[in-house]
>>> print(open('query_7.cif').read())   # mmCIF, C-alpha atoms and all ligand atoms
data_data
#
loop_
_atom_site.label_atom_id
_atom_site.label_comp_id
_atom_site.auth_asym_id
_atom_site.auth_seq_id
_atom_site.Cartn_x
_atom_site.Cartn_y
_atom_site.Cartn_z
CA MET A 1 104.59 113.49 114.20
CA ASP A 2 105.19 113.70 117.95
CA GLU A 3 101.57 114.29 118.82
CA GLN A 4 100.89 110.76 117.58
CA LEU A 5 103.22 109.37 120.24
CA LEU A 6 100.88 108.86 123.15
CA PRO A 7 102.48 108.66 126.57
CA ALA A 8 103.57 105.12 127.42
CA LEU A 9 100.89 104.66 130.06
CA GLN A 10 98.09 105.76 127.83
CA ARG A 11 99.25 103.19 125.28
CA LEU A 12 99.28 100.51 127.95
CA GLU A 13 95.80 101.55 129.04
CA ASN A 14 94.50 101.41 125.46
CA MET A 15 95.77 97.87 125.12
CA LEU A 16 94.34 96.76 128.47
CA ASN A 17 90.94 98.31 127.73
CA MET A 18 90.75 96.46 124.42
CA ILE A 19 91.78 93.20 126.10
CA THR A 20 89.17 93.65 128.84
CA ALA A 21 86.46 94.29 126.24
CA THR A 22 87.41 91.19 124.22
CA GLU A 23 84.71 88.55 123.77
CA GLU A 24 85.04 84.93 122.69
CA ASP A 25 83.02 85.54 119.52
CA GLU A 26 83.26 88.87 117.73
CA CYS A 27 82.02 89.82 114.29
CA ASP A 28 84.75 91.00 111.91
CA CYS A 29 85.22 94.05 109.67
CA ALA A 30 83.80 92.24 106.63
CA TYR A 31 80.53 91.56 108.43
CA VAL A 32 80.28 95.16 109.66
CA ASP A 33 81.10 96.46 106.18
CA ASP A 34 78.19 94.43 104.77
CA VAL A 35 75.66 96.07 107.08
CA MET A 36 77.27 99.51 107.43
CA ASP A 37 74.95 101.32 104.99
CA GLU A 38 71.94 99.77 106.69
CA ILE A 39 73.01 100.66 110.24
CA ALA A 40 73.99 104.20 109.23
CA GLU A 41 70.46 104.73 107.87
CA LEU A 42 68.97 103.35 111.10
CA MET A 43 71.22 105.58 113.22
CA ALA A 44 70.29 108.60 111.09
CA GLN A 45 66.66 107.84 111.96
CA GLY A 46 67.60 107.91 115.65
CA VAL A 47 67.57 104.13 116.19
CA ASP A 48 69.89 102.88 118.97
CA ILE A 49 71.78 99.99 117.36
CA ALA A 50 73.32 98.73 120.65
CA PRO A 51 70.31 96.53 121.62
CA LEU A 52 69.37 95.84 117.99
CA MET A 53 72.77 94.65 116.75
CA PRO A 54 74.94 94.11 119.86
CA ALA A 55 77.75 92.33 118.00
CA VAL A 56 78.08 95.17 115.48
CA TYR A 57 77.94 97.74 118.28
CA HIS A 58 80.69 95.87 120.14
CA HIS A 59 82.85 95.74 116.99
CA LEU A 60 82.50 99.50 116.57
CA GLN A 61 83.85 99.99 120.12
CA LEU A 62 86.96 97.97 119.25
CA CYS A 63 87.60 98.86 115.60
CA ASP A 64 88.71 102.43 114.97
CA CYS A 65 88.42 102.08 111.19
CA CYS A 66 84.82 100.82 111.03
CA HIS A 67 83.86 103.33 113.75
CA ALA A 68 85.30 106.25 111.76
CA GLU A 69 83.60 105.06 108.55
CA VAL A 70 80.19 104.84 110.25
CA ASP A 71 80.72 108.33 111.69
CA VAL A 72 81.47 109.85 108.27
CA LEU A 73 78.56 108.00 106.63
CA LEU A 74 76.23 109.20 109.38
CA ASN A 75 77.53 112.72 108.89
CA ILE A 76 76.64 112.47 105.18
CA LEU A 77 73.13 111.14 105.85
CA GLU A 78 72.32 113.58 108.64
CA SER A 79 73.55 116.61 106.73
CA ALA A 80 71.53 115.46 103.68
CA GLU A 81 68.31 115.88 105.66
CA THR A 82 68.86 119.63 105.82
CA ASN A 83 70.12 119.70 102.24
CA THR A 84 68.48 119.16 98.86
CA THR A 85 71.02 116.55 97.70
CA PRO A 86 70.45 112.85 98.57
CA MET B 87 69.36 115.15 87.48
CA GLN B 88 67.10 112.11 87.20
CA GLN B 89 65.69 110.68 90.48
CA ARG B 90 66.15 106.91 90.54
CA THR B 91 64.92 104.01 92.65
CA ASN B 92 67.44 101.38 93.75
CA ASP B 93 66.37 99.12 90.88
CA GLU B 94 66.76 101.95 88.38
CA TRP B 95 70.26 102.75 89.64
CA LEU B 96 71.24 99.09 89.26
CA ALA B 97 69.65 98.79 85.82
CA ASP B 98 71.21 102.00 84.47
CA LEU B 99 74.68 101.45 85.93
CA GLY B 100 74.62 97.84 84.72
CA ALA B 101 73.49 98.81 81.22
CA ILE B 102 75.70 99.38 78.19
CA GLY B 103 75.76 102.74 76.45
CA PRO B 104 74.23 106.15 77.22
CA ALA B 105 72.02 105.00 80.14
CA ARG B 106 75.12 103.94 82.02
CA GLU B 107 77.02 107.13 81.15
CA ASP B 108 74.07 109.25 82.33
CA ALA B 109 73.81 107.30 85.59
CA ILE B 110 77.54 107.69 86.27
CA ALA B 111 77.28 111.41 85.48
CA ASP B 112 74.41 111.67 87.99
CA LEU B 113 76.09 109.60 90.71
CA ARG B 114 79.43 111.41 90.62
CA PRO B 115 78.19 114.78 92.03
CA ILE B 116 76.13 112.98 94.68
CA LEU B 117 79.28 111.23 95.93
CA LEU B 118 81.39 114.39 95.73
CA ASP B 119 78.80 116.32 97.69
CA GLY B 120 78.67 113.49 100.24
CA LEU B 121 82.42 113.67 100.82
CA ARG B 122 82.26 117.44 101.18
CA ARG B 123 79.62 117.12 103.89
CA GLY B 124 80.99 113.96 105.50
CA LEU B 125 84.70 114.66 105.83
CA THR B 126 84.48 117.93 107.76
CA ASN B 127 86.20 116.36 110.79
CA TRP B 128 89.03 114.97 108.63
CA VAL B 129 90.08 117.70 106.20
CA ASN B 130 89.35 121.31 105.33
CA THR B 131 86.54 120.63 102.85
CA SER B 132 86.37 124.29 101.76
CA GLY B 133 90.11 124.55 100.96
CA PRO B 134 91.33 124.59 97.35
CA GLU B 135 93.09 121.22 97.69
CA PHE B 136 89.87 119.43 98.63
CA ALA B 137 88.16 119.32 95.21
CA PRO B 138 90.93 117.50 93.26
CA MET B 139 91.47 115.08 96.16
CA ALA B 140 87.74 114.32 96.38
CA GLU B 141 87.60 113.84 92.58
CA ASP B 142 90.31 111.18 92.90
CA PHE B 143 88.49 109.40 95.73
CA VAL B 144 85.20 109.42 93.80
CA GLN B 145 86.86 108.18 90.62
CA GLU B 146 88.37 105.22 92.48
CA ALA B 147 85.08 104.58 94.31
CA LEU B 148 83.07 104.62 91.04
CA LEU B 149 85.28 101.84 89.66
CA LYS B 150 84.64 99.77 92.80
CA ILE B 151 80.91 100.51 92.71
CA LEU B 152 80.60 99.46 89.06
CA ALA B 153 82.63 96.30 89.68
CA ASN B 154 80.53 95.30 92.71
CA LEU B 155 76.96 96.15 91.71
CA GLU B 156 75.85 92.55 92.24
CA THR B 157 76.88 92.71 95.91
CA PHE B 158 74.37 95.49 96.68
CA ALA B 159 71.86 93.72 98.91
CA GLY B 160 69.15 96.38 98.71
CA ARG B 161 68.87 96.82 102.48
CA SER B 162 69.64 100.55 102.20
CA LYS B 163 69.22 103.25 99.60
CA PHE B 164 71.58 102.63 96.69
CA THR B 165 73.18 106.04 97.23
CA THR B 166 73.94 105.18 100.89
CA TRP B 167 75.70 102.01 99.73
CA ALA B 168 77.65 104.04 97.15
CA HIS B 169 78.59 106.62 99.82
CA LYS B 170 79.82 103.76 102.03
CA ILE B 171 82.25 102.59 99.35
CA THR B 172 83.42 106.16 98.71
CA VAL B 173 83.97 106.81 102.41
CA ARG B 174 86.06 103.65 102.72
CA VAL B 175 88.27 104.74 99.79
CA ALA B 176 88.65 108.27 101.19
CA LEU B 177 89.45 107.31 104.78
CA THR B 178 91.93 104.60 103.77
CA GLU B 179 93.83 107.18 101.72
CA LEU B 180 93.59 109.93 104.37
CA ARG B 181 94.91 107.57 107.05
CA ARG B 182 97.78 106.60 104.75
CA LYS B 183 98.70 110.26 104.31
CA ARG B 184 98.57 110.90 108.06
CA TRP B 185 100.85 107.98 108.86
CA GLN B 186 103.17 108.08 105.85
CA ASP B 187 106.09 109.52 107.86
CA ARG B 188 106.05 106.75 110.46
CA SER B 189 108.25 103.79 109.64
CA LEU B 190 107.26 100.33 110.79
CA ASP B 191 110.65 99.71 112.40
CA ASP B 192 110.42 102.94 114.39
CA MET B 193 106.92 102.08 115.52
CA LEU B 194 107.93 98.61 116.65
CA SER B 195 110.88 99.85 118.69
CA ALA B 196 109.59 103.18 119.97
CA GLU B 197 105.99 102.28 120.77
CA SER B 198 106.72 99.49 123.22
CA PRO B 199 105.78 100.67 126.71
CA PHE B 200 107.75 97.74 128.09
CA SER B 201 111.11 99.32 127.46
CA ARG B 202 110.27 102.44 129.44
CA SER B 203 111.80 103.03 132.86
CA PHE B 204 109.40 104.20 135.56
CA ALA B 205 112.09 104.85 138.17
CA ALA B 206 112.28 108.60 137.64
CA ASP B 207 108.64 109.41 138.35
CA THR B 208 108.12 106.96 141.20
CA PRO B 209 107.68 108.16 144.81
CA THR B 210 109.51 105.26 146.51
CA PRO B 211 112.06 102.61 145.46
CA GLU B 212 109.54 99.87 146.43
CA ARG B 213 106.98 101.39 144.04
CA ALA B 214 109.59 101.54 141.27
CA THR B 215 110.36 97.85 141.78
CA GLU B 216 106.65 97.00 141.76
CA ARG B 217 106.18 98.84 138.45
CA THR B 218 109.24 97.32 136.85
CA GLU B 219 108.08 93.85 137.89
CA MET B 220 104.57 94.44 136.55
CA MET B 221 105.94 95.59 133.18
CA ALA B 222 108.25 92.57 133.02
CA HIS B 223 105.30 90.30 133.82
CA LEU B 224 103.19 91.86 131.05
CA GLU B 225 106.02 91.63 128.58
CA GLN B 226 106.51 87.98 129.51
CA ILE B 227 102.80 87.26 128.92
CA ILE B 228 102.93 88.90 125.51
CA THR B 229 106.12 87.07 124.56
CA GLU B 230 104.88 83.69 125.73
CA GLU B 231 101.28 83.85 124.50
CA LEU B 232 101.58 85.59 121.14
CA THR B 233 103.17 84.76 117.81
CA ASP B 234 105.60 87.30 116.31
CA LYS B 235 102.88 88.52 113.96
CA GLN B 236 100.33 88.90 116.77
CA ARG B 237 102.87 90.80 118.89
CA GLU B 238 103.67 93.10 115.98
CA ALA B 239 99.96 93.79 115.47
CA MET B 240 99.46 94.54 119.18
CA LEU B 241 102.37 96.99 119.17
CA LEU B 242 101.10 98.79 116.09
CA VAL B 243 97.35 99.00 116.70
CA PRO B 244 96.19 98.98 120.34
CA ILE B 245 99.52 100.22 121.72
CA GLY B 246 100.82 102.37 118.86
CA GLY B 247 97.44 103.79 117.90
CA MET B 248 97.97 103.06 114.20
CA PRO B 249 94.65 102.64 112.34
CA MET B 250 93.91 99.04 111.38
CA SER B 251 93.69 99.76 107.65
CA GLU B 252 97.17 101.30 107.71
CA ALA B 253 98.71 98.58 109.90
CA ALA B 254 97.16 95.90 107.66
CA ASP B 255 98.67 97.54 104.62
CA ARG B 256 102.12 97.71 106.22
CA MET B 257 101.88 94.09 107.34
CA GLY B 258 100.76 92.95 103.89
CA MET B 259 97.38 91.77 105.12
CA LYS B 260 93.70 92.54 104.54
CA ARG B 261 92.11 94.63 107.28
CA ASN B 262 89.66 91.84 108.07
CA ALA B 263 92.49 89.34 108.54
CA LEU B 264 94.27 91.78 110.86
CA TYR B 265 91.10 92.19 112.93
CA LYS B 266 90.90 88.41 113.32
CA LEU B 267 94.61 88.17 114.19
CA LEU B 268 94.19 90.87 116.84
CA HIS B 269 91.06 89.23 118.19
CA ASP B 270 92.94 85.96 118.72
CA ALA B 271 95.79 87.89 120.36
CA ARG B 272 93.49 89.86 122.68
CA LEU B 273 91.68 86.68 123.67
CA ARG B 274 94.90 84.82 124.49
CA VAL B 275 96.24 87.67 126.61
CA LYS B 276 92.87 88.10 128.35
CA LYS B 277 92.78 84.42 129.33
CA ARG B 278 96.38 84.49 130.55
CA LEU B 279 95.77 87.61 132.64
CA GLU B 280 92.79 85.85 134.25
CA GLU B 281 94.93 82.75 134.95
CA ASP B 282 97.57 84.97 136.53
CA GLY B 283 94.96 86.73 138.66
CA LEU B 284 95.44 90.11 136.99
CA SER B 285 92.82 92.62 135.84
CA ALA B 286 93.27 95.77 133.77
CA GLU B 287 92.33 97.76 136.87
CA SER B 288 94.91 96.07 139.10
CA ILE B 289 97.64 96.52 136.50
CA LEU B 290 96.89 100.20 135.95
CA ALA B 291 96.65 100.77 139.73
CA THR B 292 100.35 99.85 139.94
CA PHE B 293 101.15 102.87 137.79
CA ARG B 294 98.83 105.44 139.41
ZN ZN C 301 86.21 96.84 111.71
#
>>> encode(input="query_7.cif", output="structure tokens", more="lines below")
Ligand SMILES: [Zn+2]
Amino acid sequence: MDEQLLPALQRLENMLNMITATEEDECDCAYVDDVMDEIAELMAQGVDIAPLMPAVYHHLQLCDCCHAEVDVLLNILESAETNTTP
Amino acid sequence: MQQRTNDEWLADLGAIGPAREDAIADLRPILLDGLRRGLTNWVNTSGPEFAPMAEDFVQEALLKILANLETFAGRSKFTTWAHKITVRVALTELRRKRWQDRSLDDMLSAESPFSRSFAADTPTPERATERTEMMAHLEQIITEELTDKQREAMLLVPIGGMPMSEAADRMGMKRNALYKLLHDARLRVKKRLEEDGLSAESILATFR
């Protein structure tokens, strides 16, 4: 339980970093969810999505949940390439 | 196991009778295997407790997949789309388990960095005053610019490190609505910091 309590300054820094990265228009989790399967397939092919879908890339920097879901999906797709199961 | 195109998956899962049962029976092990390969950074996927947990996740995901077949846009492989839904179910539940011992009230009182005294680890009294004043200024900005709900969200997510899906659940909101609430909050604080001539760098420099 205690390891989840980040030191006070680190928490302040997290908040300030997110505020600094904030843009006037950001896409939301629903939009990213819609394209997540598509972008995970692109990433598994080695495509850099930052220039291709900058708004989605920006969302993934700010949203821990969508970021983690893309990571797991990518893990599934990449490990499938060395595996017989789709 | 039968190999299927996207259209064949949709047709079979949308059918009535044995075609649908066969398709579900084929999809289930694909999703289970996906979780086993995908969740290695989250849980011990070779431990005995993994299989029943993964079965539960896949069962819940299959219900969502069957109920939402018409939303599959066909821009990926059908199995990738089905994995996406399964991953969302699994991570939401795993985050809930990780955070289940943390009460909202504790988070809201303990996570605030504004209540912390910096006097003890400060080299000079002037520096301590500077830090105390900076914290008071930040707290004032947050109090003046944000609604109670926005302030609560800021304390839980960016400051407290609680995952958005979990914070949304505790606050009785959808994750997407919480993202929008936090976006508005971040934007308001960003604009106010700019008006007050403060940058993240200058604020953090006070504490280094
Ligand atoms: Zn998101």
>>> residues_around(input="query_7.cif", residues="Val56 in chain A", least_positions_apart="3", cutoff="9 Å", atoms="all atoms listed in the file", output="number ranges by chain")
A: 26-28, 31-32, 35, 49-50, 53, 59-61
>>> closest_residue(input="query_7.cif", among="A:Met36, A:Val47, A:Leu9, A:Met18", to="Leu73 in chain A", atoms="all atoms listed in the file")
A:Met36
>>> residues_near_ligand(input="query_7.cif", ligand="ligand ZN 301 (chain C)", cutoff="6 Å", atoms="only C-alpha atoms and all ligand atoms", output="JSON, numbers by chain")
{"A": [29, 63, 65, 66]}
>>> residues_around(input="query_7.cif", residues="range 181-188 of chain B", least_positions_apart="3", cutoff="12 Å", atoms="all atoms listed in the file", output="number ranges by chain")
A: 1-5, 64-65, 68-69; B: 128-129, 139, 173-178, 191-197, 242, 246-256
>>> residues_around(input="query_7.cif", residues="Ala21 in chain A", least_positions_apart="6", cutoff="12 Å", atoms="all atoms listed in the file", output="PDB file with C-alpha atoms, in the coordinates of the input")
ATOM      1  CA  ASN A  14      94.500 101.410 125.460  1.00  0.00           C
ATOM      2  CA  MET A  15      95.770  97.870 125.120  1.00  0.00           C
ATOM      3  CA  HIS A  58      80.690  95.870 120.140  1.00  0.00           C
ATOM      4  CA  HIS A  59      82.850  95.740 116.990  1.00  0.00           C
ATOM      5  CA  LEU A  60      82.500  99.500 116.570  1.00  0.00           C
ATOM      6  CA  GLN A  61      83.850  99.990 120.120  1.00  0.00           C
ATOM      7  CA  LEU A  62      86.960  97.970 119.250  1.00  0.00           C
ATOM      8  CA  CYS A  63      87.600  98.860 115.600  1.00  0.00           C
TER       9      CYS A  63
ATOM     10  CA  HIS B 269      91.060  89.230 118.190  1.00  0.00           C
ATOM     11  CA  ARG B 272      93.490  89.860 122.680  1.00  0.00           C
ATOM     12  CA  LEU B 273      91.680  86.680 123.670  1.00  0.00           C
ATOM     13  CA  VAL B 275      96.240  87.670 126.610  1.00  0.00           C
ATOM     14  CA  LYS B 276      92.870  88.100 128.350  1.00  0.00           C
ATOM     15  CA  SER B 285      92.820  92.620 135.840  1.00  0.00           C
ATOM     16  CA  ALA B 286      93.270  95.770 133.770  1.00  0.00           C
TER      17      ALA B 286
END
>>> closest_residue(input="query_7.cif", among="A:Glu78, A:His67, A:Ala44, A:Val72", to="chain B", atoms="all atoms listed in the file")
A:Val72
>>> residues_around(input="query_7.cif", residues="range 104-118 of chain B", least_positions_apart="3", cutoff="12 Å", atoms="all atoms listed in the file", output="PyMOL selection string")
(chain A and resi 73+76-77+80+83-86) or (chain B and resi 87-92+94-101+121-125+131+136-149+151-152+164-173+175-176)
>>> closest_residue(input="query_7.cif", among="B:Glu179, B:Asp270, B:Glu287, B:Glu212", to="Glu231 in chain B", atoms="all atoms listed in the file")
B:Asp270
>>> residues_around(input="query_7.cif", residues="Gln226 in chain B", least_positions_apart="4", cutoff="12 Å", atoms="all atoms listed in the file", output="list of chain:residue names")
B:Phe200, B:Glu219, B:Met220, B:Met221, B:Ala222, B:Glu230, B:Glu231, B:Leu232, B:Arg237, B:Val275, B:Arg278, B:Leu279, B:Asp282
>>> atom_distance(input="query_7.cif", atom1="CA of Leu224 in chain B", atom2="CA of Met259 in chain B")
26.6 Å
>>> atom_distance(input="query_7.cif", atom1="CA of Glu225 in chain B", atom2="CA of Arg261 in chain B")
25.6 Å
>>> atom_distance(input="query_7.cif", atom1="CA of Asn262 in chain B", atom2="CA of Thr22 in chain A")
16.3 Å
>>> closest_residue(input="query_7.cif", among="B:Pro134, B:Pro244, B:Gly258, B:Pro209", to="chain A", atoms="all atoms listed in the file")
B:Pro244
>>> closest_residue(input="query_7.cif", among="A:Gln45, A:Glu38, A:Asp33, A:Gln10", to="chain B", atoms="only C-alpha atoms")
A:Glu38
